[in-house]
$ cat structure_22.tsv   # TSV, C-alpha atoms and all ligand atoms
chain	number	residue	atom	x	y	z
T	25	MET	CA	42.30	81.08	-80.80
T	26	ASP	CA	40.38	82.80	-78.01
T	27	ASN	CA	37.77	85.50	-78.25
T	28	ARG	CA	38.10	87.95	-75.35
T	29	GLN	CA	34.69	89.37	-74.45
T	30	ILE	CA	33.27	91.76	-71.87
T	31	VAL	CA	30.09	90.37	-70.34
T	32	LEU	CA	27.52	92.02	-68.10
T	33	VAL	CA	27.58	90.29	-64.71
T	34	ARG	CA	25.65	92.73	-62.52
T	35	ARG	CA	23.22	95.54	-63.29
T	36	PRO	CA	24.86	98.83	-62.28
T	37	VAL	CA	23.39	101.14	-59.69
T	38	GLY	CA	24.59	104.53	-60.86
T	39	GLN	CA	27.85	104.43	-62.81
T	40	VAL	CA	29.37	101.24	-64.13
T	41	ASP	CA	32.08	99.92	-61.79
T	42	SER	CA	34.38	96.92	-61.53
T	43	SER	CA	31.51	94.67	-60.39
T	44	THR	CA	29.37	95.45	-63.46
T	45	THR	CA	31.30	93.59	-66.13
T	46	SER	CA	33.82	90.82	-66.44
T	47	LEU	CA	36.46	90.09	-69.08
T	48	VAL	CA	36.14	86.46	-70.19
T	49	SER	CA	37.64	84.24	-72.89
T	50	SER	CA	35.56	82.04	-75.19
T	51	PRO	CA	36.58	80.04	-78.23
T	52	ARG	CA	36.77	82.10	-81.41
T	53	PRO	CA	33.51	81.64	-83.38
T	54	VAL	CA	33.61	79.35	-86.42
T	55	CYS	CA	32.39	80.70	-89.74
T	56	GLY	CA	29.46	78.66	-91.08
T	57	GLU	CA	27.84	78.59	-94.52
T	58	GLY	CA	26.44	82.03	-95.40
T	59	GLU	CA	28.44	83.70	-92.62
T	60	ALA	CA	31.58	85.85	-92.33
T	61	LEU	CA	34.15	86.06	-89.54
T	62	ILE	CA	35.03	89.57	-88.46
T	63	LYS	CA	38.00	90.69	-86.41
T	64	VAL	CA	36.80	93.64	-84.37
T	65	ALA	CA	38.86	96.82	-84.80
T	66	MET	CA	37.11	99.66	-82.97
T	67	LEU	CA	34.09	100.02	-80.69
T	68	SER	CA	31.77	103.00	-80.68
T	69	ILE	CA	31.17	103.97	-77.05
T	70	ASP	CA	27.67	105.37	-76.79
T	71	PRO	CA	25.76	106.62	-73.72
T	72	THR	CA	22.80	104.42	-74.65
T	73	ILE	CA	24.85	101.32	-73.76
T	74	ARG	CA	24.42	102.34	-70.13
T	75	THR	CA	20.61	102.35	-70.56
T	76	TRP	CA	20.70	98.83	-72.05
T	77	MET	CA	22.38	97.60	-68.84
T	78	ASP	CA	19.25	98.43	-66.81
T	79	ASP	CA	16.38	96.00	-66.52
T	80	ALA	CA	13.99	98.64	-67.79
T	81	PRO	CA	11.87	99.18	-70.89
T	82	GLY	CA	13.73	100.78	-73.77
T	83	TYR	CA	13.87	100.79	-77.54
T	84	LEU	CA	15.92	97.57	-77.36
T	85	PRO	CA	15.64	94.81	-74.75
T	86	PRO	CA	18.01	94.98	-71.77
T	87	ILE	CA	21.36	93.21	-72.13
T	88	GLY	CA	20.94	89.85	-70.37
T	89	LEU	CA	23.13	89.03	-67.37
T	90	GLY	CA	25.99	86.89	-68.69
T	91	ASP	CA	25.65	88.31	-72.20
T	92	VAL	CA	28.39	90.16	-74.05
T	93	VAL	CA	27.81	93.91	-73.70
T	94	ARG	CA	25.93	95.17	-76.74
T	95	GLY	CA	27.48	97.88	-78.87
T	96	SER	CA	28.34	98.87	-82.40
T	97	GLY	CA	31.76	98.88	-83.94
T	98	THR	CA	33.89	98.19	-86.97
T	99	GLY	CA	36.05	95.26	-87.96
T	100	VAL	CA	37.71	93.55	-90.85
T	101	VAL	CA	36.38	90.47	-92.65
T	102	VAL	CA	38.99	87.71	-92.28
T	103	GLU	CA	36.95	84.79	-93.64
T	104	SER	CA	33.79	84.74	-95.68
T	105	ARG	CA	31.36	82.02	-96.71
T	106	SER	CA	28.81	84.61	-97.81
T	107	GLU	CA	28.41	86.49	-101.09
T	108	ARG	CA	27.61	89.61	-99.10
T	109	TYR	CA	31.11	90.01	-97.55
T	110	HIS	CA	34.62	89.87	-98.98
T	111	VAL	CA	37.86	89.20	-97.13
T	112	GLY	CA	39.66	92.45	-96.32
T	113	GLU	CA	36.54	94.61	-96.26
T	114	VAL	CA	36.10	96.88	-93.27
T	115	VAL	CA	32.54	96.63	-92.00
T	116	PHE	CA	30.30	98.37	-89.46
T	117	GLY	CA	27.56	96.83	-87.32
T	118	MET	CA	26.77	95.36	-83.90
T	119	THR	CA	30.14	93.90	-83.00
T	120	ASP	CA	29.42	93.97	-79.26
T	121	TRP	CA	32.32	94.23	-76.79
T	122	GLN	CA	34.53	91.40	-78.03
T	123	GLU	CA	37.44	90.62	-80.35
T	124	TRP	CA	35.67	88.42	-82.90
T	125	VAL	CA	32.11	88.36	-84.22
T	126	LEU	CA	30.19	86.50	-86.92
T	127	ALA	CA	28.15	88.27	-89.57
T	128	THR	CA	24.99	86.20	-89.96
T	129	ASP	CA	21.50	86.67	-91.40
T	130	ASP	CA	20.43	88.09	-88.04
T	131	ARG	CA	23.52	90.23	-87.53
T	132	ARG	CA	24.27	92.13	-90.69
T	133	PHE	CA	27.11	94.55	-91.29
T	134	SER	CA	27.50	97.40	-93.77
T	135	VAL	CA	30.71	97.96	-95.70
T	136	VAL	CA	32.66	101.05	-94.64
T	137	PRO	CA	33.55	103.19	-97.67
T	138	GLN	CA	37.26	103.21	-98.49
T	139	GLY	CA	39.23	105.69	-100.55
T	140	LEU	CA	37.84	108.87	-98.99
T	141	GLY	CA	41.16	109.66	-97.36
T	142	LEU	CA	39.55	109.52	-93.92
T	143	ASP	CA	40.82	107.32	-91.10
T	144	LEU	CA	38.65	104.75	-89.34
T	145	ALA	CA	38.12	106.85	-86.21
T	146	THR	CA	36.91	109.82	-88.26
T	147	VAL	CA	34.53	107.63	-90.22
T	148	MET	CA	33.16	106.15	-86.99
T	149	ASN	CA	32.62	109.66	-85.66
T	150	VAL	CA	31.19	111.92	-88.33
T	151	LEU	CA	29.95	109.24	-90.74
T	152	GLY	CA	28.92	106.93	-87.89
T	153	VAL	CA	25.94	106.85	-85.55
T	154	THR	CA	26.52	110.20	-83.87
T	155	GLY	CA	27.10	112.17	-87.09
T	156	ILE	CA	24.00	110.67	-88.66
T	157	THR	CA	21.99	111.36	-85.49
T	158	ALA	CA	23.09	114.99	-85.58
T	159	PHE	CA	22.09	115.34	-89.23
T	160	PHE	CA	18.59	113.86	-89.09
T	161	GLY	CA	17.83	115.22	-85.63
T	162	LEU	CA	18.54	118.75	-86.80
T	163	THR	CA	17.23	118.72	-90.34
T	164	ASP	CA	14.34	116.26	-90.18
T	165	VAL	CA	13.06	116.10	-86.61
T	166	GLY	CA	14.00	119.71	-85.84
T	167	GLN	CA	13.10	121.05	-89.29
T	168	MET	CA	15.91	123.58	-88.97
T	169	LYS	CA	15.37	126.74	-91.03
T	170	GLU	CA	17.70	129.52	-92.08
T	171	GLY	CA	17.55	132.29	-89.49
T	172	ASP	CA	16.80	129.96	-86.56
T	173	VAL	CA	18.38	130.57	-83.18
T	174	VAL	CA	19.69	127.09	-82.38
T	175	VAL	CA	20.76	125.87	-78.94
T	176	VAL	CA	22.58	122.55	-78.51
T	177	SER	CA	23.43	120.80	-75.24
T	178	GLY	CA	26.31	118.34	-74.98
T	179	ALA	CA	27.85	120.78	-77.43
T	180	ALA	CA	31.47	119.60	-77.11
T	181	GLY	CA	30.46	115.98	-77.58
T	182	ALA	CA	30.25	113.79	-80.64
T	183	THR	CA	26.64	114.50	-81.54
T	184	GLY	CA	26.38	118.08	-80.28
T	185	SER	CA	29.53	119.36	-82.01
T	186	VAL	CA	28.24	118.13	-85.37
T	187	VAL	CA	24.74	119.54	-84.80
T	188	GLY	CA	26.09	123.04	-84.21
T	189	GLN	CA	28.34	122.97	-87.26
T	190	ILE	CA	25.57	121.81	-89.59
T	191	ALA	CA	23.30	124.51	-88.16
T	192	LYS	CA	25.95	127.17	-88.86
T	193	ALA	CA	26.54	125.86	-92.37
T	194	ARG	CA	22.78	125.97	-93.05
T	195	GLY	CA	22.34	129.59	-92.07
T	196	ALA	CA	21.28	129.61	-88.44
T	197	ALA	CA	21.05	133.17	-87.10
T	198	LYS	CA	22.91	132.10	-84.00
T	199	VAL	CA	24.22	128.79	-82.66
T	200	VAL	CA	24.68	128.53	-78.91
T	201	GLY	CA	26.19	125.51	-77.19
T	202	ILE	CA	25.79	124.33	-73.63
T	203	ALA	CA	28.73	122.41	-72.15
T	204	GLY	CA	30.44	121.69	-68.84
T	205	GLY	CA	33.35	123.92	-67.82
T	206	PRO	CA	35.44	126.68	-69.41
T	207	GLU	CA	37.73	124.33	-71.33
T	208	LYS	CA	34.85	122.57	-73.10
T	209	CYS	CA	33.13	125.88	-73.76
T	210	ALA	CA	36.28	127.31	-75.35
T	211	GLU	CA	36.50	124.22	-77.54
T	212	VAL	CA	32.88	124.65	-78.67
T	213	VAL	CA	33.51	128.21	-79.83
T	214	GLU	CA	37.10	128.06	-81.02
T	215	LYS	CA	37.24	124.58	-82.51
T	216	TYR	CA	33.67	123.98	-83.64
T	217	GLY	CA	32.77	127.59	-84.49
T	218	PHE	CA	29.61	128.03	-82.39
T	219	ASP	CA	28.75	131.69	-81.72
T	220	GLU	CA	28.66	131.20	-77.96
T	221	CYS	CA	28.82	128.48	-75.34
T	222	LEU	CA	27.12	128.54	-71.95
T	223	ASP	CA	28.78	126.73	-69.06
T	224	TYR	CA	26.10	124.83	-67.16
T	225	ARG	CA	28.54	123.98	-64.37
T	226	GLN	CA	29.00	127.65	-63.62
T	227	GLY	CA	25.35	127.96	-62.47
T	228	GLY	CA	22.80	130.59	-63.47
T	229	LEU	CA	22.07	128.85	-66.78
T	230	ARG	CA	18.63	130.40	-67.06
T	231	GLN	CA	20.07	133.90	-66.88
T	232	GLN	CA	22.95	133.04	-69.24
T	233	LEU	CA	20.43	131.71	-71.76
T	234	THR	CA	18.11	134.72	-71.57
T	235	GLU	CA	21.05	137.04	-72.15
T	236	SER	CA	22.36	134.94	-75.00
T	237	CYS	CA	18.99	134.42	-76.74
T	238	PRO	CA	16.82	137.44	-75.85
T	239	GLN	CA	14.33	136.65	-78.64
T	240	GLY	CA	14.05	133.04	-77.49
T	241	VAL	CA	15.24	129.71	-78.86
T	242	ASP	CA	13.75	128.50	-82.16
T	243	LEU	CA	15.34	125.07	-82.09
T	244	TYR	CA	16.73	123.27	-79.09
T	245	PHE	CA	18.68	120.04	-79.73
T	246	ASP	CA	18.62	118.25	-76.40
T	247	ASN	CA	21.32	115.71	-75.66
T	248	VAL	CA	21.09	115.79	-71.89
T	249	GLY	CA	17.48	116.04	-70.58
T	250	GLY	CA	16.82	116.85	-66.91
T	251	GLU	CA	17.37	120.30	-65.52
T	252	ILE	CA	19.00	121.76	-68.64
T	253	LEU	CA	16.01	120.79	-70.79
T	254	ASP	CA	13.72	122.40	-68.23
T	255	VAL	CA	15.72	125.64	-68.28
T	256	VAL	CA	15.69	125.86	-72.08
T	257	LEU	CA	11.91	125.27	-72.13
T	258	THR	CA	11.46	128.48	-70.15
T	259	ASN	CA	12.99	130.44	-73.06
T	260	VAL	CA	11.53	128.91	-76.22
T	261	ALA	CA	10.42	131.21	-79.05
T	262	MET	CA	7.06	131.01	-80.86
T	263	HIS	CA	6.75	127.74	-82.82
T	264	ALA	CA	9.93	126.39	-81.27
T	265	ARG	CA	11.03	122.88	-81.99
T	266	VAL	CA	12.63	120.83	-79.21
T	267	VAL	CA	14.48	117.75	-80.47
T	268	LEU	CA	14.76	115.05	-77.81
T	269	CYS	CA	17.89	113.19	-78.82
T	270	GLY	CA	19.24	112.00	-75.48
T	271	ALA	CA	18.92	112.42	-71.73
T	272	ILE	CA	22.42	111.57	-70.56
T	273	SER	CA	21.96	113.45	-67.27
T	274	GLN	CA	19.43	110.78	-66.29
T	275	TYR	CA	21.05	107.53	-67.47
T	276	ASN	CA	22.82	106.87	-64.15
T	277	ALA	CA	19.84	107.93	-62.01
T	278	THR	CA	19.43	105.57	-59.07
T	279	GLY	CA	15.81	106.57	-58.37
T	280	ALA	CA	13.11	107.98	-60.63
T	281	ARG	CA	14.34	110.10	-63.52
T	282	ARG	CA	13.80	113.83	-63.07
T	283	GLY	CA	10.44	115.03	-64.39
T	284	ILE	CA	10.17	118.06	-66.67
T	285	GLU	CA	8.24	121.01	-65.21
T	286	ASN	CA	8.09	123.58	-67.99
T	287	THR	CA	6.30	121.80	-70.84
T	288	SER	CA	3.47	124.35	-70.53
T	289	MET	CA	5.80	126.81	-72.28
T	290	LEU	CA	5.24	124.75	-75.42
T	291	ILE	CA	1.54	125.57	-75.14
T	292	VAL	CA	2.18	129.25	-74.58
T	293	ARG	CA	4.65	129.45	-77.47
T	294	ARG	CA	2.87	126.88	-79.71
T	295	GLY	CA	5.98	124.74	-79.82
T	296	ARG	CA	6.53	121.04	-80.20
T	297	MET	CA	8.90	118.51	-78.68
T	298	GLU	CA	9.72	115.24	-80.42
T	299	GLY	CA	12.00	112.32	-79.72
T	300	PHE	CA	13.65	110.03	-82.23
T	301	ILE	CA	16.07	107.12	-82.53
T	302	VAL	CA	18.63	107.27	-85.33
T	303	SER	CA	17.75	103.77	-86.52
T	304	ASP	CA	14.39	105.24	-87.64
T	305	TYR	CA	16.45	106.63	-90.54
T	306	ALA	CA	18.31	103.42	-91.40
T	307	ASN	CA	17.23	103.48	-95.03
T	308	ARG	CA	18.46	107.09	-95.40
T	309	PHE	CA	21.90	106.79	-93.74
T	310	VAL	CA	23.71	107.23	-97.05
T	311	GLU	CA	21.98	110.59	-97.57
T	312	ALA	CA	23.45	111.91	-94.30
T	313	GLN	CA	26.85	110.31	-94.88
T	314	THR	CA	27.14	111.92	-98.31
T	315	VAL	CA	26.52	115.40	-96.90
T	316	LEU	CA	28.75	114.85	-93.87
T	317	ALA	CA	31.63	113.39	-95.90
T	318	ALA	CA	31.49	116.37	-98.26
T	319	MET	CA	31.59	118.77	-95.30
T	320	VAL	CA	34.59	116.99	-93.74
T	321	LEU	CA	36.49	116.86	-97.00
T	322	ALA	CA	35.79	120.56	-97.61
T	323	GLY	CA	37.12	121.41	-94.15
T	324	GLN	CA	33.65	122.60	-93.01
T	325	LEU	CA	33.22	120.02	-90.29
T	326	ARG	CA	35.76	119.90	-87.50
T	327	HIS	CA	35.88	116.73	-85.47
T	328	GLN	CA	37.76	115.11	-82.63
T	329	GLU	CA	38.05	111.51	-81.53
T	330	HIS	CA	38.82	110.34	-78.02
T	331	VAL	CA	40.40	106.94	-78.57
T	332	VAL	CA	40.92	104.62	-75.60
T	333	HIS	CA	43.19	101.65	-76.28
T	334	GLY	CA	42.30	98.07	-75.34
T	335	LEU	CA	39.05	96.10	-75.16
T	336	GLU	CA	39.38	95.81	-71.39
T	337	LYS	CA	39.12	99.60	-71.10
T	338	ALA	CA	35.62	99.76	-72.63
T	339	PRO	CA	33.78	100.09	-69.27
T	340	GLU	CA	36.10	102.96	-68.25
T	341	ALA	CA	35.54	104.58	-71.61
T	342	LEU	CA	31.78	104.40	-71.09
T	343	ASN	CA	32.13	106.24	-67.79
T	344	LEU	CA	34.05	109.08	-69.48
T	345	LEU	CA	30.79	110.06	-71.19
T	346	PHE	CA	29.17	110.69	-67.82
T	347	SER	CA	32.07	112.46	-66.15
T	348	GLY	CA	32.58	114.62	-69.24
T	349	GLY	CA	36.15	113.27	-69.48
T	350	ASN	CA	35.76	112.67	-73.21
T	351	HIS	CA	36.65	115.23	-75.87
T	352	GLY	CA	34.71	114.41	-79.01
T	353	LYS	CA	33.65	110.94	-80.10
T	354	THR	CA	34.63	108.18	-77.68
T	355	LEU	CA	36.02	105.04	-79.28
T	356	VAL	CA	37.84	101.95	-78.04
T	357	GLU	CA	40.54	100.56	-80.26
T	358	VAL	CA	40.57	96.77	-80.08
T	359	ASP	CA	42.93	96.07	-82.99
T	360	GLU	CA	45.20	98.87	-84.13
T	361	SER	CA	46.29	97.06	-87.29
T	362	VAL	CA	43.03	97.72	-89.14
T	363	ARG	CA	43.31	100.72	-91.43
T	364	LEU	CA	41.13	102.20	-94.15
T	365	GLY	CA	42.62	102.45	-97.63
N	1	LIG	N1	18.40	109.40	-80.31
N	1	LIG	C1	19.42	108.73	-80.84
N	1	LIG	O1	19.27	107.91	-81.76
N	1	LIG	C2	20.80	109.00	-80.34
N	1	LIG	C3	21.94	108.56	-81.05
N	1	LIG	C4	23.21	108.88	-80.55
N	1	LIG	C5	23.33	109.60	-79.35
N	1	LIG	N2	22.19	109.95	-78.69
N	1	LIG	C6	22.26	110.72	-77.43
N	1	LIG	O2	23.00	111.89	-77.67
N	1	LIG	C7	23.64	112.31	-76.47
N	1	LIG	C8	25.13	112.55	-76.75
N	1	LIG	O3	25.73	111.30	-77.08
N	1	LIG	P1	27.22	111.26	-77.64
N	1	LIG	O4	27.48	109.85	-77.99
N	1	LIG	O5	27.39	112.31	-78.66
N	1	LIG	O6	28.08	111.59	-76.34
N	1	LIG	P2	29.05	112.83	-76.12
N	1	LIG	O7	28.22	114.08	-76.25
N	1	LIG	O8	30.26	112.68	-76.94
N	1	LIG	O9	29.48	112.61	-74.60
N	1	LIG	C9	28.56	112.81	-73.58
N	1	LIG	C10	28.67	114.23	-73.00
N	1	LIG	O10	27.51	114.46	-72.20
N	1	LIG	C11	27.80	115.47	-71.26
N	1	LIG	N3	27.16	115.12	-69.98
N	1	LIG	C12	27.36	114.00	-69.23
N	1	LIG	N4	26.61	114.06	-68.10
N	1	LIG	C13	25.95	115.25	-68.16
N	1	LIG	C14	25.03	115.90	-67.29
N	1	LIG	N5	24.64	115.33	-66.13
N	1	LIG	N6	24.54	117.10	-67.66
N	1	LIG	C15	24.93	117.69	-68.80
N	1	LIG	N7	25.80	117.12	-69.68
N	1	LIG	C16	26.30	115.93	-69.35
N	1	LIG	C17	29.32	115.52	-71.12
N	1	LIG	O11	29.73	116.76	-71.65
N	1	LIG	P3	30.16	117.99	-70.69
N	1	LIG	O12	31.59	117.75	-70.36
N	1	LIG	O13	29.91	119.17	-71.54
N	1	LIG	O14	29.26	117.91	-69.47
N	1	LIG	C18	29.81	114.38	-72.01
N	1	LIG	O15	31.02	114.68	-72.65
N	1	LIG	C19	23.38	111.21	-75.44
N	1	LIG	O16	22.28	111.57	-74.63
N	1	LIG	C20	23.00	110.01	-76.31
N	1	LIG	O17	22.20	109.08	-75.63
N	1	LIG	C21	20.95	109.67	-79.15

$ encode --input "structure_22.tsv" --output "structure tokens" --more "lines below"
Ligand SMILES: NC(=O)c1ccc[n+]([C@@H]2O[C@H](COP(=O)([O-])OP(=O)(O)OC[C@H]3O[C@@H](n4cnc5c(N)ncnc54)[C@H](OP(=O)(O)O)[C@@H]3O)[C@@H](O)[C@H]2O)c1
Amino acid sequence: MDNRQIVLVRRPVGQVDSSTTSLVSSPRPVCGEGEALIKVAMLSIDPTIRTWMDDAPGYLPPIGLGDVVRGSGTGVVVESRSERYHVGEVVFGMTDWQEWVLATDDRRFSVVPQGLGLDLATVMNVLGVTGITAFFGLTDVGQMKEGDVVVVSGAAGATGSVVGQIAKARGAAKVVGIAGGPEKCAEVVEKYGFDECLDYRQGGLRQQLTESCPQGVDLYFDNVGGEILDVVLTNVAMHARVVLCGAISQYNATGARRGIENTSMLIVRRGRMEGFIVSDYANRFVEAQTVLAAMVLAGQLRHQEHVVHGLEKAPEALNLLFSGGNHGKTLVEVDESVRLG
């Protein structure tokens, strides 16, 4: 049986296009001693995949030309010659963009909890990478405190929507989102319960922010970088914390990434700005998942998944993140038959 895979054939300049990747067929991998064969069910489409396509320094090496596109996902164990995995288990790990993958000593998977009454897409959203990123970024890196005025960019997205809801649940004085367009902004307030949402596409963001947060921003959770980060820096409160989670506005930059001009406001207001990568918290994932699962089950955490069907659509799905065409967590369903019990 074949293994359909999407490989990187050319480094993109700007957005991914039809010349960036190619759909190829290879023989299905054979399960060796100590390994397990996994049938891929769903891919997590993350903005960082675009950064891995560049030949540039990052927190992981670039994807090699000719290599299967790197990415995380879930799948079901169909054969196991390892004590670690059992046939029928649904597992999460680096599946990459393909239909079949081997779990090996170098490529380990974690077992997805069953019996919570949550479907696979929900688990991949709130209990997956973006939910966990939101949790530790806000509570640990951002040291969120009751009474904080919290601003979140990318507020209608997978990470941002969860950040704002945790901040509300933990007693923020005010939670303000930043998103693109009136429809997304309405979603942020009406669906995710933020107090307000500022539309950066409308222009005048600096003025909108000053009116919304006249006492300044205590905690800014930055998912986008660039100009929006610079604007928020002009309005930070004393001892503000700026959490650098992502810089999606810069991932398709064809020249130098935009520099930040207003860091001196962190001196004036004695603030700090700190970046992080969710894998820094790998040994604490269960802590976040326990809190997030409880919130979902109690109806305190609203979520939305944007599921694109078919492995071959993964490059298109990646581009949705940059056009803002996604609503909630972007996933690609590779095999619809896999279900959680
Ligand atoms: N540090 C970590 O470990 C970690 C882990 C996961 C994610 N992240 C980062 O978190 C951010 C959000 O990721 P996600 O997976 O949750 O994606 P997402 O928010 O679900 O989707 C991306 C959103 O970014 C917004 N966007 C795109 N281009 C933009 C621009 N030029 N200016 C402003 N907003 C723009 C779009 O929303 P609008 O329609 O509102 O413009 C789009 O829907 C990304 O920067 C990602 O790299 C970091």

$ residues_near_ligand --input "structure_22.tsv" --ligand "ligand LIG 1 (chain N)" --cutoff "6 Å" --atoms "only C-alpha atoms and all ligand atoms" --output "PyMOL selection string"
chain T and resi 70-72+154+157+178+180-184+203-204+247-248+269-273+300-302+345-348+350+352-353

$ atom_distance --input "structure_22.tsv" --atom1 "atom CA of Val267 of chain T" --atom2 "atom CA of Val136 of chain T"
28.5 Å

$ residues_around --input "structure_22.tsv" --residues "Cys209 of chain T" --least-positions-apart "6" --cutoff "10 Å" --atoms "all atoms listed in the file" --output "VMD selection string"
chain T and resid 179 to 180 201 to 203 215 218 220 to 224

$ closest_residue --input "structure_22.tsv" --among "T:Ala318, T:Ala280, T:Ile252, T:Ala261" --to "Val292 of chain T" --atoms "only C-alpha atoms"
T:Ala261

$ residues_around --input "structure_22.tsv" --residues "Gly112 of chain T" --least-positions-apart "4" --cutoff "7 Å" --atoms "all atoms listed in the file" --output "number ranges by chain"
T: 100-102

$ residues_around --input "structure_22.tsv" --residues "segment 33-35 of chain T" --least-positions-apart "6" --cutoff "7 Å" --atoms "all atoms listed in the file" --output "list in words"
Ser43, Thr44, Thr45, Ser46, Met77, Asp78, Leu89 and Gly90 of chain T

$ residues_near_point --input "structure_22.tsv" --point "(7.7, 123.7, -70.4)" --cutoff "6 Å" --atoms "all atoms listed in the file" --output "list in words"
Leu257, Glu285, Asn286, Thr287, Ser288, Met289 and Leu290 of chain T

$ closest_atom_pairs --input "structure_22.tsv" --of "segment 75-151 of chain T" --to "segment 304-312 of chain T" --cutoff "12 Å" --atoms "only C-alpha atoms" --output "tab-separated table"
residue	atom	partner	partner_atom	distance
T:Tyr83	CA	T:Asp304	CA	11.0
T:Ser134	CA	T:Phe309	CA	10.9
T:Val135	CA	T:Val310	CA	11.7
T:Val136	CA	T:Val310	CA	11.1
T:Pro137	CA	T:Val310	CA	10.7
T:Val150	CA	T:Ala312	CA	9.8
T:Leu151	CA	T:Ala312	CA	7.9

$ atom_distance --input "structure_22.tsv" --atom1 "atom CA of Ile62 of chain T" --atom2 "atom CA of Gly365 of chain T"
17.5 Å

$ closest_residue --input "structure_22.tsv" --among "T:Gly38, T:Trp76, T:Glu57, T:Lys63" --to "Ser104 of chain T" --atoms "only C-alpha atoms"
T:Glu57

$ residues_around --input "structure_22.tsv" --residues "Gly152 of chain T" --least-positions-apart "4" --cutoff "9 Å" --atoms "only C-alpha atoms" --output "NGL selection string"
:T and (68 or 116 or 146-148 or 156-157 or 313)

$ residues_around --input "structure_22.tsv" --residues "Gln122 of chain T" --least-positions-apart "4" --cutoff "9 Å" --atoms "all atoms listed in the file" --output "list in words"
Asn27, Arg28, Gln29, Ile30, Val31, Val64, Val92, Val93, Leu335 and Val358 of chain T
